[in-house]
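Text of target.cif, listed as mmCIF, N, CA and C atoms:
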```cif
data_structure
#
loop_
_atom_site.label_atom_id
_atom_site.label_comp_id
_atom_site.auth_asym_id
_atom_site.auth_seq_id
_atom_site.Cartn_x
_atom_site.Cartn_y
_atom_site.Cartn_z
N MET A 1 27.81 142.24 -155.54
CA MET A 1 26.38 142.15 -155.38
C MET A 1 26.06 140.88 -154.60
N GLY A 2 25.06 140.93 -153.76
CA GLY A 2 24.72 139.79 -152.93
C GLY A 2 23.99 138.70 -153.69
N ASN A 3 23.93 137.53 -153.06
CA ASN A 3 23.31 136.38 -153.69
C ASN A 3 21.83 136.58 -153.96
N GLN A 4 21.11 137.16 -153.01
CA GLN A 4 19.66 137.34 -153.17
C GLN A 4 19.35 138.25 -154.36
N LEU A 5 20.08 139.36 -154.48
CA LEU A 5 19.87 140.27 -155.60
C LEU A 5 20.32 139.62 -156.90
N ARG A 6 21.45 138.96 -156.88
CA ARG A 6 21.96 138.29 -158.09
C ARG A 6 20.95 137.25 -158.56
N GLN A 7 20.42 136.47 -157.64
CA GLN A 7 19.43 135.45 -157.99
C GLN A 7 18.18 136.11 -158.58
N GLY A 8 17.73 137.21 -157.97
CA GLY A 8 16.57 137.93 -158.48
C GLY A 8 16.79 138.44 -159.89
N LEU A 9 17.98 138.97 -160.16
CA LEU A 9 18.30 139.47 -161.50
C LEU A 9 18.32 138.32 -162.50
N GLU A 10 18.91 137.18 -162.12
CA GLU A 10 18.95 136.03 -163.02
C GLU A 10 17.55 135.53 -163.34
N GLU A 11 16.71 135.43 -162.31
CA GLU A 11 15.34 134.97 -162.52
C GLU A 11 14.56 135.96 -163.38
N THR A 12 14.83 137.25 -163.19
CA THR A 12 14.17 138.28 -163.99
C THR A 12 14.55 138.12 -165.46
N ARG A 13 15.82 137.93 -165.71
CA ARG A 13 16.29 137.77 -167.10
C ARG A 13 15.72 136.52 -167.74
N LEU A 14 15.65 135.43 -166.99
CA LEU A 14 15.12 134.18 -167.54
C LEU A 14 13.61 134.24 -167.74
N GLY A 15 12.90 134.81 -166.77
CA GLY A 15 11.45 134.81 -166.82
C GLY A 15 10.83 136.03 -167.47
N GLN A 16 11.65 137.03 -167.75
CA GLN A 16 11.15 138.26 -168.37
C GLN A 16 10.11 138.97 -167.49
N ASP A 17 10.30 138.92 -166.18
CA ASP A 17 9.45 139.65 -165.25
C ASP A 17 10.26 140.78 -164.64
N PRO A 18 9.64 141.92 -164.36
CA PRO A 18 10.38 142.99 -163.69
C PRO A 18 10.74 142.57 -162.26
N LEU A 19 11.82 143.14 -161.76
CA LEU A 19 12.29 142.85 -160.41
C LEU A 19 11.98 144.03 -159.51
N LEU A 20 11.24 143.78 -158.45
CA LEU A 20 10.89 144.79 -157.46
C LEU A 20 11.85 144.63 -156.29
N VAL A 21 12.69 145.62 -156.06
CA VAL A 21 13.68 145.58 -154.99
C VAL A 21 13.23 146.53 -153.89
N VAL A 22 13.05 145.99 -152.68
CA VAL A 22 12.66 146.80 -151.54
C VAL A 22 13.79 146.73 -150.52
N LEU A 23 14.40 147.88 -150.24
CA LEU A 23 15.46 147.98 -149.24
C LEU A 23 14.88 148.71 -148.04
N ASP A 24 14.84 148.04 -146.90
CA ASP A 24 14.33 148.71 -145.71
C ASP A 24 14.89 148.07 -144.45
N ASN A 25 14.57 148.70 -143.33
CA ASN A 25 14.97 148.18 -142.02
C ASN A 25 13.69 147.79 -141.30
N PRO A 26 13.37 146.50 -141.26
CA PRO A 26 12.11 146.07 -140.68
C PRO A 26 11.95 146.40 -139.19
N LYS A 27 13.06 146.71 -138.53
CA LYS A 27 12.99 147.01 -137.09
C LYS A 27 12.72 148.49 -136.82
N SER A 28 12.69 149.30 -137.86
CA SER A 28 12.49 150.74 -137.70
C SER A 28 11.21 151.18 -138.39
N LYS A 29 10.30 151.78 -137.66
CA LYS A 29 9.02 152.23 -138.24
C LYS A 29 9.24 153.24 -139.36
N GLU A 30 10.22 154.13 -139.18
CA GLU A 30 10.48 155.18 -140.17
C GLU A 30 11.21 154.64 -141.41
N ALA A 31 12.03 153.60 -141.24
CA ALA A 31 12.88 153.13 -142.34
C ALA A 31 12.40 151.84 -142.97
N ARG A 32 11.15 151.47 -142.71
CA ARG A 32 10.64 150.25 -143.34
C ARG A 32 9.44 150.58 -144.22
N LEU A 33 9.26 149.77 -145.23
CA LEU A 33 8.07 149.88 -146.06
C LEU A 33 6.94 149.20 -145.29
N GLU A 34 5.78 149.78 -145.30
CA GLU A 34 4.63 149.22 -144.58
C GLU A 34 4.45 147.75 -144.99
N PRO A 35 4.55 146.82 -144.05
CA PRO A 35 4.49 145.39 -144.37
C PRO A 35 3.24 144.99 -145.17
N ALA A 36 2.12 145.62 -144.92
CA ALA A 36 0.88 145.27 -145.63
C ALA A 36 1.01 145.48 -147.14
N LEU A 37 1.90 146.39 -147.56
CA LEU A 37 2.07 146.64 -148.99
C LEU A 37 2.70 145.46 -149.71
N MET A 38 3.41 144.63 -148.96
CA MET A 38 4.08 143.48 -149.58
C MET A 38 3.46 142.16 -149.14
N SER A 39 2.18 142.17 -148.82
CA SER A 39 1.51 140.98 -148.29
C SER A 39 1.28 139.94 -149.38
N GLU A 40 2.33 139.22 -149.71
CA GLU A 40 2.23 138.14 -150.70
C GLU A 40 1.53 136.92 -150.12
N ASP A 41 1.60 136.77 -148.80
CA ASP A 41 1.11 135.56 -148.16
C ASP A 41 -0.41 135.46 -148.16
N LYS A 42 -1.10 136.54 -148.41
CA LYS A 42 -2.57 136.51 -148.45
C LYS A 42 -2.99 136.58 -149.91
N PRO A 43 -3.25 135.43 -150.53
CA PRO A 43 -3.42 135.36 -151.98
C PRO A 43 -4.55 136.20 -152.58
N MET A 44 -5.54 136.56 -151.83
CA MET A 44 -6.65 137.28 -152.44
C MET A 44 -6.64 138.79 -152.16
N THR A 45 -5.60 139.29 -151.53
CA THR A 45 -5.57 140.72 -151.25
C THR A 45 -5.22 141.50 -152.52
N GLU A 46 -5.59 142.76 -152.52
CA GLU A 46 -5.29 143.63 -153.66
C GLU A 46 -3.79 143.74 -153.87
N ASN A 47 -3.02 143.84 -152.77
CA ASN A 47 -1.57 143.97 -152.89
C ASN A 47 -0.93 142.72 -153.48
N SER A 48 -1.43 141.55 -153.13
CA SER A 48 -0.85 140.33 -153.70
C SER A 48 -1.09 140.28 -155.21
N LYS A 49 -2.24 140.79 -155.66
CA LYS A 49 -2.51 140.85 -157.10
C LYS A 49 -1.57 141.84 -157.78
N LEU A 50 -1.30 142.96 -157.11
CA LEU A 50 -0.39 143.96 -157.67
C LEU A 50 1.04 143.42 -157.77
N LEU A 51 1.43 142.57 -156.83
CA LEU A 51 2.79 142.04 -156.79
C LEU A 51 3.00 140.87 -157.76
N LYS A 52 1.92 140.26 -158.21
CA LYS A 52 2.01 139.04 -159.04
C LYS A 52 2.93 139.16 -160.26
N PRO A 53 2.93 140.28 -161.00
CA PRO A 53 3.80 140.36 -162.18
C PRO A 53 5.30 140.51 -161.86
N TYR A 54 5.63 140.69 -160.59
CA TYR A 54 7.00 141.01 -160.20
C TYR A 54 7.70 139.85 -159.52
N ARG A 55 9.02 139.86 -159.63
CA ARG A 55 9.87 139.05 -158.75
C ARG A 55 10.26 140.01 -157.63
N LEU A 56 10.08 139.58 -156.40
CA LEU A 56 10.34 140.45 -155.25
C LEU A 56 11.66 140.11 -154.59
N CYS A 57 12.46 141.13 -154.37
CA CYS A 57 13.71 141.00 -153.63
C CYS A 57 13.63 141.98 -152.46
N HIS A 58 13.32 141.47 -151.27
CA HIS A 58 13.16 142.31 -150.08
C HIS A 58 14.42 142.16 -149.24
N VAL A 59 15.14 143.27 -149.03
CA VAL A 59 16.43 143.22 -148.37
C VAL A 59 16.42 144.05 -147.09
N ASP A 60 16.88 143.44 -146.01
CA ASP A 60 17.00 144.09 -144.70
C ASP A 60 18.33 144.85 -144.66
N VAL A 61 18.26 146.18 -144.65
CA VAL A 61 19.49 147.00 -144.70
C VAL A 61 20.22 147.08 -143.37
N SER A 62 19.66 146.45 -142.33
CA SER A 62 20.37 146.45 -141.05
C SER A 62 21.43 145.34 -141.01
N THR A 63 21.46 144.50 -142.04
CA THR A 63 22.45 143.43 -142.11
C THR A 63 23.63 143.87 -142.98
N GLU A 64 24.72 143.14 -142.87
CA GLU A 64 25.90 143.43 -143.69
C GLU A 64 25.57 143.28 -145.18
N TYR A 65 24.85 142.21 -145.50
CA TYR A 65 24.42 141.99 -146.88
C TYR A 65 23.55 143.15 -147.37
N GLY A 66 22.62 143.57 -146.52
CA GLY A 66 21.72 144.67 -146.88
C GLY A 66 22.48 145.96 -147.15
N GLN A 67 23.52 146.22 -146.39
CA GLN A 67 24.34 147.43 -146.61
C GLN A 67 25.04 147.36 -147.96
N LYS A 68 25.49 146.17 -148.35
CA LYS A 68 26.15 146.01 -149.66
C LYS A 68 25.16 146.27 -150.80
N VAL A 69 23.96 145.73 -150.66
CA VAL A 69 22.94 145.93 -151.69
C VAL A 69 22.56 147.41 -151.76
N ALA A 70 22.43 148.05 -150.61
CA ALA A 70 22.09 149.49 -150.58
C ALA A 70 23.14 150.29 -151.34
N LYS A 71 24.41 149.92 -151.21
CA LYS A 71 25.48 150.61 -151.93
C LYS A 71 25.30 150.49 -153.44
N VAL A 72 24.91 149.29 -153.89
CA VAL A 72 24.69 149.06 -155.32
C VAL A 72 23.65 150.04 -155.86
N PHE A 73 22.65 150.33 -155.05
CA PHE A 73 21.57 151.23 -155.46
C PHE A 73 21.82 152.69 -155.04
N ASN A 74 22.98 152.96 -154.46
CA ASN A 74 23.29 154.30 -153.95
C ASN A 74 22.21 154.79 -152.99
N ALA A 75 21.63 153.87 -152.23
CA ALA A 75 20.57 154.22 -151.30
C ALA A 75 21.17 154.53 -149.93
N LYS A 76 20.86 155.71 -149.44
CA LYS A 76 21.37 156.14 -148.14
C LYS A 76 20.25 156.33 -147.12
N GLU A 77 19.03 156.46 -147.62
CA GLU A 77 17.85 156.60 -146.77
C GLU A 77 16.86 155.50 -147.13
N PHE A 78 16.04 155.13 -146.15
CA PHE A 78 15.15 153.99 -146.35
C PHE A 78 13.77 154.30 -145.79
N PRO A 79 12.75 153.65 -146.32
CA PRO A 79 12.80 152.59 -147.31
C PRO A 79 13.18 153.13 -148.70
N HIS A 80 13.72 152.24 -149.50
CA HIS A 80 14.10 152.57 -150.87
C HIS A 80 13.54 151.46 -151.75
N VAL A 81 12.81 151.86 -152.78
CA VAL A 81 12.19 150.90 -153.70
C VAL A 81 12.74 151.15 -155.10
N ALA A 82 13.10 150.07 -155.78
CA ALA A 82 13.55 150.17 -157.18
C ALA A 82 12.87 149.07 -157.98
N ILE A 83 12.56 149.38 -159.23
CA ILE A 83 12.04 148.38 -160.15
C ILE A 83 13.02 148.29 -161.30
N ILE A 84 13.45 147.06 -161.57
CA ILE A 84 14.39 146.80 -162.66
C ILE A 84 13.62 146.16 -163.80
N ASP A 85 13.89 146.62 -165.01
CA ASP A 85 13.14 146.14 -166.18
C ASP A 85 13.25 144.63 -166.36
N LYS A 86 12.42 144.10 -167.26
CA LYS A 86 12.33 142.65 -167.43
C LYS A 86 13.60 142.03 -168.02
N THR A 87 14.51 142.84 -168.54
CA THR A 87 15.78 142.30 -169.01
C THR A 87 16.80 142.22 -167.88
N GLY A 88 16.45 142.81 -166.73
CA GLY A 88 17.35 142.80 -165.58
C GLY A 88 18.53 143.73 -165.74
N SER A 89 18.41 144.73 -166.60
CA SER A 89 19.58 145.58 -166.87
C SER A 89 19.38 147.06 -166.62
N LEU A 90 18.14 147.51 -166.41
CA LEU A 90 17.90 148.94 -166.29
C LEU A 90 16.91 149.24 -165.16
N VAL A 91 17.27 150.18 -164.29
CA VAL A 91 16.35 150.63 -163.26
C VAL A 91 15.33 151.54 -163.93
N ILE A 92 14.05 151.14 -163.90
CA ILE A 92 13.02 151.93 -164.57
C ILE A 92 12.22 152.78 -163.58
N PHE A 93 12.42 152.54 -162.28
CA PHE A 93 11.75 153.34 -161.27
C PHE A 93 12.53 153.23 -159.97
N LYS A 94 12.62 154.36 -159.24
CA LYS A 94 13.17 154.30 -157.89
C LYS A 94 12.58 155.41 -157.05
N LYS A 95 12.44 155.11 -155.77
CA LYS A 95 11.88 156.09 -154.84
C LYS A 95 12.41 155.79 -153.44
N THR A 96 12.75 156.85 -152.75
CA THR A 96 13.15 156.74 -151.35
C THR A 96 12.09 157.40 -150.49
N GLY A 97 11.76 156.76 -149.37
CA GLY A 97 10.77 157.31 -148.45
C GLY A 97 9.51 156.47 -148.41
N GLN A 98 8.62 156.88 -147.53
CA GLN A 98 7.38 156.14 -147.33
C GLN A 98 6.48 156.23 -148.57
N ILE A 99 5.72 155.18 -148.78
CA ILE A 99 4.79 155.11 -149.91
C ILE A 99 3.42 154.73 -149.35
N ASP A 100 2.42 155.53 -149.69
CA ASP A 100 1.07 155.19 -149.21
C ASP A 100 0.43 154.18 -150.17
N PRO A 101 -0.63 153.51 -149.74
CA PRO A 101 -1.24 152.46 -150.56
C PRO A 101 -1.65 152.90 -151.97
N ALA A 102 -2.18 154.11 -152.11
CA ALA A 102 -2.61 154.59 -153.44
C ALA A 102 -1.40 154.77 -154.35
N GLU A 103 -0.32 155.33 -153.82
CA GLU A 103 0.89 155.51 -154.61
C GLU A 103 1.51 154.16 -154.98
N TRP A 104 1.52 153.22 -154.04
CA TRP A 104 2.04 151.87 -154.26
C TRP A 104 1.29 151.21 -155.42
N GLN A 105 -0.03 151.34 -155.40
CA GLN A 105 -0.85 150.76 -156.47
C GLN A 105 -0.48 151.38 -157.81
N LYS A 106 -0.33 152.69 -157.84
CA LYS A 106 0.01 153.40 -159.08
C LYS A 106 1.39 152.96 -159.59
N ILE A 107 2.35 152.86 -158.69
CA ILE A 107 3.72 152.46 -159.07
C ILE A 107 3.71 151.05 -159.67
N LEU A 108 3.11 150.11 -158.95
CA LEU A 108 3.13 148.71 -159.41
C LEU A 108 2.33 148.52 -160.69
N THR A 109 1.24 149.24 -160.82
CA THR A 109 0.43 149.14 -162.03
C THR A 109 1.17 149.73 -163.24
N SER A 110 1.86 150.83 -163.02
CA SER A 110 2.56 151.53 -164.10
C SER A 110 3.73 150.75 -164.68
N HIS A 111 4.37 149.90 -163.86
CA HIS A 111 5.61 149.25 -164.30
C HIS A 111 5.50 147.74 -164.42
N LYS A 112 4.27 147.20 -164.36
CA LYS A 112 4.10 145.75 -164.30
C LYS A 112 4.57 145.00 -165.55
N THR A 113 4.66 145.67 -166.69
CA THR A 113 5.12 144.99 -167.90
C THR A 113 6.64 144.84 -167.91
N GLY A 114 7.32 145.65 -167.09
CA GLY A 114 8.77 145.58 -167.06
C GLY A 114 9.42 146.24 -168.26
N GLU A 115 8.62 146.98 -169.02
CA GLU A 115 9.13 147.68 -170.19
C GLU A 115 9.72 149.01 -169.76
N SER A 116 10.80 149.39 -170.39
CA SER A 116 11.41 150.67 -170.11
C SER A 116 11.00 151.66 -171.19
N ALA A 117 10.32 152.72 -170.78
CA ALA A 117 9.91 153.75 -171.74
C ALA A 117 11.10 154.59 -172.15
N THR A 118 12.21 154.46 -171.44
CA THR A 118 13.37 155.31 -171.68
C THR A 118 14.57 154.51 -172.18
N SER A 119 14.35 153.32 -172.74
CA SER A 119 15.47 152.46 -173.10
C SER A 119 16.39 153.08 -174.15
N ASN A 120 15.90 154.04 -174.92
CA ASN A 120 16.75 154.68 -175.92
C ASN A 120 17.26 156.04 -175.47
N CYS A 121 17.02 156.39 -174.24
CA CYS A 121 17.43 157.68 -173.71
C CYS A 121 18.87 157.60 -173.20
N PRO A 122 19.80 158.35 -173.81
CA PRO A 122 21.21 158.26 -173.40
C PRO A 122 21.44 158.61 -171.93
N ASN A 123 20.70 159.58 -171.41
CA ASN A 123 20.86 159.96 -170.01
C ASN A 123 20.38 158.88 -169.06
N CYS A 124 19.49 158.02 -169.53
CA CYS A 124 18.93 156.98 -168.68
C CYS A 124 19.85 155.77 -168.59
N GLN A 125 20.80 155.66 -169.48
CA GLN A 125 21.69 154.52 -169.49
C GLN A 125 22.55 154.44 -168.23
N ARG A 126 22.66 155.53 -167.48
CA ARG A 126 23.43 155.54 -166.22
C ARG A 126 22.89 154.52 -165.24
N ASN A 127 21.62 154.23 -165.31
CA ASN A 127 20.98 153.33 -164.35
C ASN A 127 21.14 151.86 -164.70
N LYS A 128 21.96 151.53 -165.69
CA LYS A 128 22.11 150.14 -166.11
C LYS A 128 22.86 149.32 -165.09
N PHE A 129 22.51 148.03 -165.04
CA PHE A 129 23.21 147.08 -164.17
C PHE A 129 24.27 146.37 -164.97
#
```

Please lay out the structure from this file as structure tokens.
Amino acid sequence: MGNQLRQGLEETRLGQDPLLVVLDNPKSKEARLEPALMSEDKPMTENSKLLKPYRLCHVDVSTEYGQKVAKVFNAKEFPHVAIIDKTGSLVIFKKTGQIDPAEWQKILTSHKTGESATSNCPNCQRNKF
């Protein structure tokens, strides 16, 4: 696992915040997540408020490091988004493909606590880190 993802997981475990992992290719319109959805730099935007509960790990899959991280998530198509619970051990959400602003809002709002509704589900344990 790469340093950026490892650091994100460690910070998630220490801070008890969910980890939002975005794997995309910023140079490709089809394979990138719309940049406005991750606009952390504009503090008063709706998206920055939605991102506040999360630790963000944005990985460029066109790099060697990005390819390694994509393998960890078994991601073959991009963009790929995953949310890891606040313990840093379970993927509680994942989606491949474009996400529109309304869906992005629903996803981030639904998982902001970092709680896993399926933590006792034996079939869900496959997604553990």

Legend entry - Pick from A:Asn3, A:Ser62, A:Ser48, A:Thr96 nearest to Pro26 in chain A, counting all atoms listed in the file: A:Ser62

Inset, instruction - Tell me, in Å to one decimal, how far atom C of Lys71 in chain A is from CA of Ala102 in chain A. - result: 28.2 Å

Inset, instruction - Could you list the residues chosen by the PyMOL selection byres ((chain A and resi 88) around 8) in this structure as an NGL selection string? - result: :A and (8-14 or 16-19 or 84-87 or 89-91 or 114 or 128-129)

Legend entry - Spatial neighbours of range 32-39 of chain A, max dist 5 Å, only N, CA and C atoms, sep filter under 5 positions, as a ChimeraX atom specification: /A:24-25,48,78-79

Centre and size of axis-aligned box enclosing range 71-77 of chain A plus 4 Å each side, as AutoDock Vina command-line options:
```
--center_x 21.2 --center_y 152.8 --center_z -151.3 --size_x 16.6 --size_y 15.5 --size_z 17.1
```

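The residues of range 24-124 of chain A that DSSP classifies as strand (DSSP E or B), using the backbone of this structure, are Asp24, Arg55, Leu56, Cys57, His58, Val59, Asp60, His80, Val81, Ala82, Ile83, Ile84, Leu90, Val91, Ile92, Phe93, Lys94, Lys95 and Thr96 of chain A.
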
Legend entry - Point-to-point distance in Å for CA of Ala70 in chain A and atom N of Pro101 in chain A: 23.1 Å

Inset, instruction - For CA of Lys27 in chain A and atom N of Thr63 in chain A, determine how far apart the two atoms are, in Å to one decimal place. - result: 10.1 Å

Inset, instruction - Measuring atom to atom with only C-alpha atoms, identify which of A:Ala75, A:Val81, A:Ile92, A:Leu51 is nearest to Thr109 in chain A. - result: A:Leu51

Legend entry - Top pick for closest residue to Leu50 in chain A, considering A:Leu108, A:Asp100, A:Tyr65, A:Thr113 and counting all atoms listed in the file: A:Leu108

Legend entry - Resolved residues for the PyMOL selection byres ((chain A and resi 57) around 6) as a ChimeraX atom specification: /A:19-22,55-56,58-59

Inset, instruction - Give the answer as one residue: which of A:Ser110, A:Glu103, A:Glu115, A:Glu30 has the shortest atom-to-atom distance to Glu77 in chain A, using only C-alpha atoms? - result: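 With only C-alpha atoms as the atom set, the closest residue is A:Glu30.
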
Legend entry - Selected residue of minimal separation from Asn47 in chain A among A:Gln67, A:Arg6, A:Gln105, A:Lys112, counting only N, CA and C atoms: A:Gln105
